[in-house]
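Novice: Enclosed is the structure file work.cif (mmCIF, C-alpha atoms).
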```cif
data_entry
#
loop_
_atom_site.label_atom_id
_atom_site.label_comp_id
_atom_site.auth_asym_id
_atom_site.auth_seq_id
_atom_site.Cartn_x
_atom_site.Cartn_y
_atom_site.Cartn_z
CA MET A 51 13.21 1.59 -1.56
CA THR A 52 10.65 2.66 1.00
CA THR A 53 11.75 4.95 3.76
CA ASN A 54 10.13 6.10 6.94
CA LEU A 55 12.48 8.98 7.23
CA LEU A 56 11.13 12.18 8.64
CA PHE A 57 10.46 14.98 6.17
CA ASP A 58 8.97 18.17 7.46
CA PHE A 59 8.36 21.27 5.39
CA THR A 60 6.71 24.44 6.62
CA VAL A 61 6.59 27.96 5.29
CA ASP A 62 6.18 31.24 7.07
CA LYS A 63 5.15 33.48 4.21
CA ALA A 64 5.17 36.60 6.31
CA SER A 65 8.83 36.22 7.26
CA LYS A 66 9.70 34.80 3.81
CA THR A 67 11.17 31.76 5.48
CA VAL A 68 11.00 28.06 4.69
CA PHE A 69 11.74 25.48 7.37
CA VAL A 70 12.80 22.00 6.30
CA THR A 71 13.75 19.04 8.43
CA ARG A 72 14.90 15.77 6.93
CA GLU A 73 16.27 12.63 8.53
CA PHE A 74 18.90 10.49 6.81
CA ASP A 75 19.76 6.90 7.50
CA ALA A 76 23.49 7.48 7.95
CA ASP A 77 25.82 8.72 10.63
CA LEU A 78 26.52 12.39 11.15
CA SER A 79 29.98 12.53 9.62
CA LEU A 80 28.79 10.94 6.39
CA VAL A 81 25.79 13.26 6.08
CA TRP A 82 27.98 16.26 6.90
CA ASP A 83 30.34 15.22 4.10
CA ALA A 84 27.40 14.82 1.72
CA PHE A 85 26.44 18.46 2.29
CA THR A 86 29.93 19.94 2.37
CA LYS A 87 32.05 18.06 -0.17
CA ALA A 88 31.76 18.96 -3.83
CA GLU A 89 32.29 15.43 -5.15
CA ILE A 90 29.33 14.15 -3.12
CA LEU A 91 27.12 17.23 -3.62
CA ASP A 92 27.51 16.84 -7.38
CA GLN A 93 26.02 13.37 -7.10
CA TRP A 94 22.70 14.44 -5.63
CA VAL A 95 21.81 18.13 -5.87
CA ALA A 96 20.83 18.13 -9.53
CA PRO A 97 17.59 16.47 -10.54
CA LYS A 98 18.29 13.94 -13.27
CA PRO A 99 18.62 14.30 -16.20
CA PHE A 100 20.37 17.47 -15.06
CA LEU A 101 23.93 17.23 -13.81
CA ALA A 102 25.64 19.29 -11.15
CA LYS A 103 29.15 20.39 -11.98
CA THR A 104 31.20 22.18 -9.33
CA LYS A 105 33.86 24.42 -10.79
CA PHE A 106 35.34 25.26 -7.42
CA MET A 107 34.38 24.87 -3.80
CA ASP A 108 36.27 26.33 -0.90
CA PHE A 109 34.45 25.18 2.21
CA LYS A 110 35.61 27.70 4.79
CA VAL A 111 34.14 30.88 6.21
CA GLY A 112 34.24 33.44 3.40
CA GLY A 113 34.91 30.69 0.88
CA ARG A 114 32.70 30.07 -2.11
CA ARG A 115 31.26 27.31 -4.21
CA PHE A 116 30.63 27.99 -7.88
CA TYR A 117 28.67 25.33 -9.67
CA ALA A 118 26.36 24.73 -12.58
CA MET A 119 23.23 22.79 -13.21
CA VAL A 120 23.76 21.32 -16.66
CA SER A 121 20.79 20.35 -18.80
CA PRO A 122 20.91 17.28 -21.06
CA GLU A 123 21.38 19.73 -23.96
CA GLY A 124 24.47 21.05 -22.23
CA GLN A 125 22.95 24.33 -21.13
CA GLU A 126 24.54 25.62 -17.94
CA ARG A 127 22.82 27.56 -15.14
CA TRP A 128 25.39 28.84 -12.69
CA LEU A 129 24.98 29.31 -8.95
CA LEU A 130 27.26 30.99 -6.48
CA GLN A 131 27.29 30.17 -2.79
CA LYS A 132 29.25 31.86 -0.07
CA TYR A 133 29.87 30.31 3.33
CA THR A 134 29.27 32.78 6.13
CA SER A 135 29.63 30.53 9.19
CA ILE A 136 30.86 26.99 9.85
CA SER A 137 30.79 24.89 13.04
CA PRO A 138 32.10 21.50 11.91
CA LYS A 139 29.52 18.70 12.00
CA THR A 140 26.99 20.97 13.70
CA ASN A 141 26.04 23.94 11.58
CA PHE A 142 26.90 25.94 8.53
CA LYS A 143 25.37 28.98 6.89
CA MET A 144 25.61 30.20 3.35
CA SER A 145 24.18 32.65 0.93
CA ASN A 146 23.03 31.33 -2.40
CA ALA A 147 22.36 33.15 -5.65
CA PHE A 148 22.10 32.49 -9.31
CA ALA A 149 25.05 33.86 -11.24
CA ASP A 150 26.39 34.35 -14.72
CA LYS A 151 29.29 32.27 -16.02
CA ASP A 152 31.73 34.93 -14.76
CA GLU A 153 30.71 34.49 -11.13
CA ASN A 154 28.59 37.65 -10.94
CA PRO A 155 25.67 36.88 -8.62
CA GLU A 156 22.12 37.86 -9.52
CA LEU A 157 20.85 39.34 -6.30
CA PRO A 158 18.79 39.02 -4.24
CA GLY A 159 19.62 35.49 -3.32
CA SER A 160 18.62 33.40 -0.35
CA ASP A 161 20.20 32.54 2.99
CA TRP A 162 20.52 28.92 4.07
CA ASP A 163 21.16 27.78 7.63
CA TYR A 164 21.89 24.07 8.11
CA ASN A 165 21.81 22.26 11.46
CA PHE A 166 22.97 18.68 11.90
CA SER A 167 22.32 16.28 14.76
CA GLU A 168 22.62 12.53 15.16
CA GLN A 169 20.33 10.23 17.08
CA ASN A 170 20.28 6.42 17.04
CA GLY A 171 22.47 6.26 13.97
CA LYS A 172 20.24 8.58 12.02
CA THR A 173 21.12 12.14 11.19
CA LYS A 174 18.64 14.95 11.27
CA VAL A 175 19.26 17.97 9.07
CA SER A 176 17.23 21.09 9.80
CA ILE A 177 17.39 23.84 7.23
CA THR A 178 16.09 27.38 7.45
CA ILE A 179 15.85 29.12 4.10
CA TYR A 180 15.26 32.83 3.97
CA ASN A 181 14.23 34.15 0.57
CA GLU A 182 14.75 37.83 0.03
CA SER A 183 12.49 37.62 -2.98
CA LEU A 184 9.80 35.28 -4.08
CA ALA A 185 10.90 35.93 -7.65
CA ARG A 186 14.03 33.96 -6.90
CA LEU A 187 12.07 31.00 -5.65
CA GLU A 188 10.08 31.13 -8.83
CA LYS A 189 13.23 31.28 -10.92
CA MET A 190 14.71 28.33 -9.11
CA ILE A 191 11.74 26.27 -10.18
CA GLU A 192 11.73 27.80 -13.62
CA ILE A 193 15.22 26.81 -14.65
CA GLY A 194 14.07 23.38 -15.50
CA PHE A 195 13.76 21.64 -12.20
CA LYS A 196 10.14 20.95 -12.85
CA GLU A 197 11.03 18.82 -15.87
CA GLY A 198 12.21 15.35 -15.46
CA TYR A 199 11.93 15.09 -11.74
CA ALA A 200 9.68 12.08 -11.67
CA ALA A 201 11.45 10.42 -14.55
CA SER A 202 14.78 11.17 -12.97
CA MET A 203 14.38 8.87 -10.01
CA LYS A 204 14.48 5.76 -12.15
CA ASN A 205 17.72 6.82 -13.84
CA LEU A 206 19.34 7.47 -10.52
CA GLU A 207 18.22 4.21 -9.01
CA GLU A 208 19.77 2.38 -11.92
CA LEU A 209 22.99 4.32 -11.67
CA LEU A 210 23.34 3.77 -7.94
CA ALA A 211 22.54 0.08 -8.27
CA ALA A 212 25.33 -0.16 -10.84
CA LEU A 213 27.68 1.81 -8.60
CA SER A 214 27.05 -0.26 -5.51
CA GLN A 215 27.52 -3.41 -7.56
CA LYS A 216 30.85 -2.11 -8.73
CA MET A 217 31.81 -1.40 -5.12
CA SER A 218 31.10 -4.90 -3.97
CA HIS A 219 33.31 -6.46 -6.66
CA MET B 258 8.90 49.77 -15.49
CA GLU B 259 9.59 46.39 -14.05
CA THR B 260 7.64 45.80 -10.88
CA ARG B 261 9.87 45.41 -7.87
CA ARG B 262 7.14 44.12 -5.65
CA ASP B 263 6.51 40.49 -5.00
CA VAL B 264 3.90 38.60 -3.09
CA PHE B 265 6.09 38.02 -0.05
CA GLN B 266 6.49 41.74 0.28
CA ALA B 267 2.74 42.10 0.20
CA ILE B 268 2.29 39.84 3.16
CA ALA B 269 5.35 40.96 5.11
CA ASP B 270 3.38 43.67 6.86
CA PRO B 271 0.83 42.88 9.60
CA THR B 272 -1.65 45.53 8.46
CA ARG B 273 -1.56 44.19 4.93
CA ARG B 274 -2.12 40.68 6.23
CA ALA B 275 -5.13 41.96 8.16
CA ILE B 276 -6.43 43.72 5.05
CA LEU B 277 -6.10 40.51 3.06
CA LEU B 278 -7.96 38.58 5.71
CA LEU B 279 -10.70 41.14 5.66
CA LEU B 280 -10.91 41.16 1.86
CA ALA B 281 -10.95 37.38 1.78
CA ALA B 282 -14.28 37.58 3.59
CA GLN B 283 -15.77 40.27 1.38
CA ALA B 284 -14.91 42.95 -1.17
CA MET B 285 -14.55 46.37 0.47
CA THR B 286 -14.05 50.03 -0.32
CA PRO B 287 -10.96 51.85 1.06
CA ASN B 288 -13.25 53.90 3.31
CA ALA B 289 -14.78 50.81 4.85
CA MET B 290 -11.31 49.38 5.43
CA ALA B 291 -10.07 52.58 7.06
CA GLU B 292 -13.04 52.46 9.39
CA GLU B 293 -12.37 48.84 10.23
CA PHE B 294 -8.75 49.58 11.17
CA ARG B 295 -9.50 52.91 12.83
CA THR B 296 -6.82 54.48 10.70
CA SER B 297 -6.65 57.16 8.04
CA ARG B 298 -7.79 56.61 4.53
CA GLN B 299 -4.25 57.58 3.37
CA ALA B 300 -2.63 54.87 5.47
CA VAL B 301 -4.98 52.26 4.08
CA SER B 302 -4.50 53.57 0.55
CA LYS B 303 -0.75 53.12 0.81
CA HIS B 304 -1.16 49.48 1.79
CA ILE B 305 -3.75 48.90 -0.91
CA GLN B 306 -1.42 50.40 -3.46
CA ILE B 307 1.29 47.91 -2.54
CA LEU B 308 -1.17 45.03 -2.58
CA THR B 309 -2.40 46.14 -5.99
CA GLU B 310 1.14 46.41 -7.36
CA CYS B 311 1.72 42.86 -6.22
CA GLU B 312 -1.46 41.91 -8.03
CA ILE B 313 -2.68 40.26 -4.88
CA VAL B 314 -5.81 42.43 -4.81
CA ARG B 315 -7.90 43.67 -7.71
CA GLN B 316 -10.12 46.67 -7.92
CA GLU B 317 -13.60 46.82 -9.31
CA GLN B 318 -15.64 49.92 -9.98
CA LYS B 319 -19.20 49.70 -8.72
CA GLY B 320 -21.08 52.92 -9.35
CA ARG B 321 -19.03 55.67 -7.68
CA GLU B 322 -17.19 53.34 -5.33
CA ILE B 323 -14.09 51.25 -5.88
CA TYR B 324 -14.22 47.82 -4.28
CA TYR B 325 -11.15 45.70 -3.60
CA HIS B 326 -11.08 41.91 -3.96
CA VAL B 327 -8.50 39.30 -3.14
CA ASN B 328 -6.95 37.93 -6.32
CA ALA B 329 -7.37 34.24 -5.60
CA THR B 330 -5.27 33.18 -8.60
CA LYS B 331 -2.30 35.10 -7.28
CA MET B 332 -2.73 33.63 -3.82
CA LYS B 333 -2.78 30.15 -5.32
CA GLU B 334 0.32 30.98 -7.32
CA ILE B 335 2.31 31.38 -4.11
CA ASP B 336 1.14 28.02 -2.89
CA LYS B 337 2.01 26.47 -6.21
CA TRP B 338 5.56 27.83 -6.08
CA ILE B 339 5.98 26.69 -2.52
CA GLU B 340 4.67 23.26 -3.42
CA GLN B 341 7.10 22.97 -6.31
CA PHE B 342 9.97 24.11 -4.14
CA LYS B 343 8.98 21.42 -1.66
CA ASN B 344 9.01 18.83 -4.44
CA ILE B 345 12.48 19.91 -5.49
CA LEU B 346 13.85 19.47 -1.98
CA GLU B 347 12.07 16.15 -1.59
CA THR B 348 13.58 14.85 -4.81
CA GLN B 349 17.05 16.07 -3.88
CA PHE B 350 16.85 14.35 -0.53
CA ASN B 351 15.62 11.11 -2.07
CA GLN B 352 18.62 11.25 -4.35
CA LEU B 353 20.83 11.87 -1.34
CA ASP B 354 19.36 8.79 0.40
CA LYS B 355 20.64 6.63 -2.42
CA VAL B 356 24.02 8.32 -2.47
CA LEU B 357 24.37 7.79 1.28
CA LEU B 358 23.46 4.15 0.85
CA THR B 359 26.17 3.76 -1.75
CA LEU B 360 28.71 5.55 0.44
CA LYS B 361 27.88 3.36 3.41
CA LYS B 362 28.39 0.22 1.33
CA GLN B 363 31.63 1.64 0.06
CA LYS B 364 32.92 2.10 3.61
CA LYS B 365 32.27 -1.48 4.61
#
```
Kindly return the structure encoded in the file as structure tokens.
Specialist:
Amino acid sequence: MTTNLLFDFTVDKASKTVFVTREFDADLSLVWDAFTKAEILDQWVAPKPFLAKTKFMDFKVGGRRFYAMVSPEGQERWLLQKYTSISPKTNFKMSNAFADKDENPELPGSDWDYNFSEQNGKTKVSITIYNESLARLEKMIEIGFKEGYAASMKNLEELLAALSQKMSH
Amino acid sequence: METRRDVFQAIADPTRRAILLLLAAQAMTPNAMAEEFRTSRQAVSKHIQILTECEIVRQEQKGREIYYHVNATKMKEIDKWIEQFKNILETQFNQLDKVLLTLKKQKK
């Protein structure tokens, strides 16, 4: 599948901030759901062959999402997110940190600010990511993301093809 | 002791960014840097200490003087991490594209 969807990524090292803008070929409510509902998030946030497994997600201000990235060997790396602000279908903010299996965050984490807007049936998501520490960014890459990313895409394509076939029957 | 400094901290300060720019052009002694910034040797030393702890500059003894260099490997390391982080996001979003496609089909 070739896409001409906008992807913009800039970094301001001095302010420890990453700016990301991505366009999606779907309407706003669907994209909003994809970022705010555990059952959809689990389908795309983990790079195959990793799996995302949400233990709980309470999408409200002050609520938390506790989930794991699970390696093919079954190794779990837990993350804890806390929602600090929500304006439905417009914006939400959260803090994000790695955690142990008992929900104790490993600080410092990072702060994520998501903005959503729809234009001509496409939805633009602009994300500002503030990293308190570069060490965290490094760790995020370390935990195994770097493996299997390229190989993963094929697996996913096959899976989704199978899924959409199932839907149409 | 575990170092608490990281590279982002090194570049969070405008004076340190200026020092790095200066050192990128040429290796310098703390005295020369202090002169350049019209500030005290102590003030410059403090910044250099932080930059050294972050391993973003290296010192080299030349005769009686200590010269500071930019550690190019460390600078590249930041870019490498950022690049990998970018790849992660890109991959996630490509995965999301497919999920959205499936969801749209499902709705119809």
Novice: Quick check on the file I pasted: which residues fall under the PyMOL selection byres ((chain A and resi 90-101) around 6)? Write them as a list in words.
Specialist: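 Listing what the PyMOL selection byres ((chain A and resi 90-101) around 6) selects in the shown file: Ala84, Lys87, Ala88, Glu89, Ala102, Met119, Val120, Ser121, Tyr199 and Ser202 of chain A; Gln349, Gln352 and Leu353 of chain B.
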Novice: Nearest to Lys361 in chain B among A:Thr140, A:Ala149, A:Gly124, A:Asp75, with distances taken over only C-alpha atoms: which residue is it?
Specialist: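 Checking each of A:Thr140, A:Ala149, A:Gly124, A:Asp75 against Lys361 in chain B, counting only C-alpha atoms, the winner is A:Asp75.
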Novice: Translate the PyMOL selection byres ((chain A and resi 57-65) around 12) into a concrete residue list for this structure, as a VMD selection string.
Specialist: (chain A and resid 53 to 56 66 to 74 174 to 184) or (chain B and resid 263 to 275 332 335 to 336 338 to 348 350 to 351)
Novice: For a quick check of understanding, using all atoms listed in the file, which of B:Ala329, B:Ile323, B:Ile305, B:Val356 has the smallest distance to chain A?
Specialist: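 Of the candidates, the smallest distance to chain A is held by B:Val356.
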Novice: Could you expand the PyMOL selection byres ((chain B and resi 314) around 7) into the explicit residues it covers here, written as a list in words?
Specialist: Leu308, Thr309, Glu312, Ile313, Arg315, Gln316, Tyr325, His326, Val327 and Asn328 of chain B
Novice: Go ahead and write the residues just picked, C-alpha atoms, as a CSV table (one decimal), keeping the file's coordinate frame.
Specialist:
```
chain,number,residue,atom,x,y,z
B,308,LEU,CA,-1.2,45.0,-2.6
B,309,THR,CA,-2.4,46.1,-6.0
B,312,GLU,CA,-1.5,41.9,-8.0
B,313,ILE,CA,-2.7,40.3,-4.9
B,315,ARG,CA,-7.9,43.7,-7.7
B,316,GLN,CA,-10.1,46.7,-7.9
B,325,TYR,CA,-11.2,45.7,-3.6
B,326,HIS,CA,-11.1,41.9,-4.0
B,327,VAL,CA,-8.5,39.3,-3.1
B,328,ASN,CA,-7.0,37.9,-6.3
```
Novice: Quick check, in Å to one decimal: how far apart do CA of Lys151 in chain A and CA of Trp128 in chain A lie?
Specialist: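 Result for CA of Lys151 in chain A versus CA of Trp128 in chain A: 6.2 Å, one decimal.
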Novice: Rounded to one decimal place, report the CA of Pro155 in chain A-CA of Thr86 in chain A distance in Å.
Specialist: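 So the two atoms, CA of Pro155 in chain A and CA of Thr86 in chain A, lie 20.6 Å apart.
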Novice: So how far away is CA of Asn141 in chain A from CA of Phe106 in chain A, in Å?
Specialist: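 Spanning CA of Phe106 in chain A to CA of Asn141 in chain A is a straight-line distance of 21.2 Å.
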Novice: Do a neighbour search on Ala291 in chain B at 12 Å with only C-alpha atoms, toss out local chain neighbours closer than 2 positions, and write the hits as a PyMOL selection string.
Specialist: chain B and resi 272+275-276+279+285-289+293-305
Novice: May I ask which of the residues B:Leu357, B:Met290, B:Cys311, B:Leu280 is the closest one to chain A, counting all atoms listed in the file?
Specialist: B:Leu357
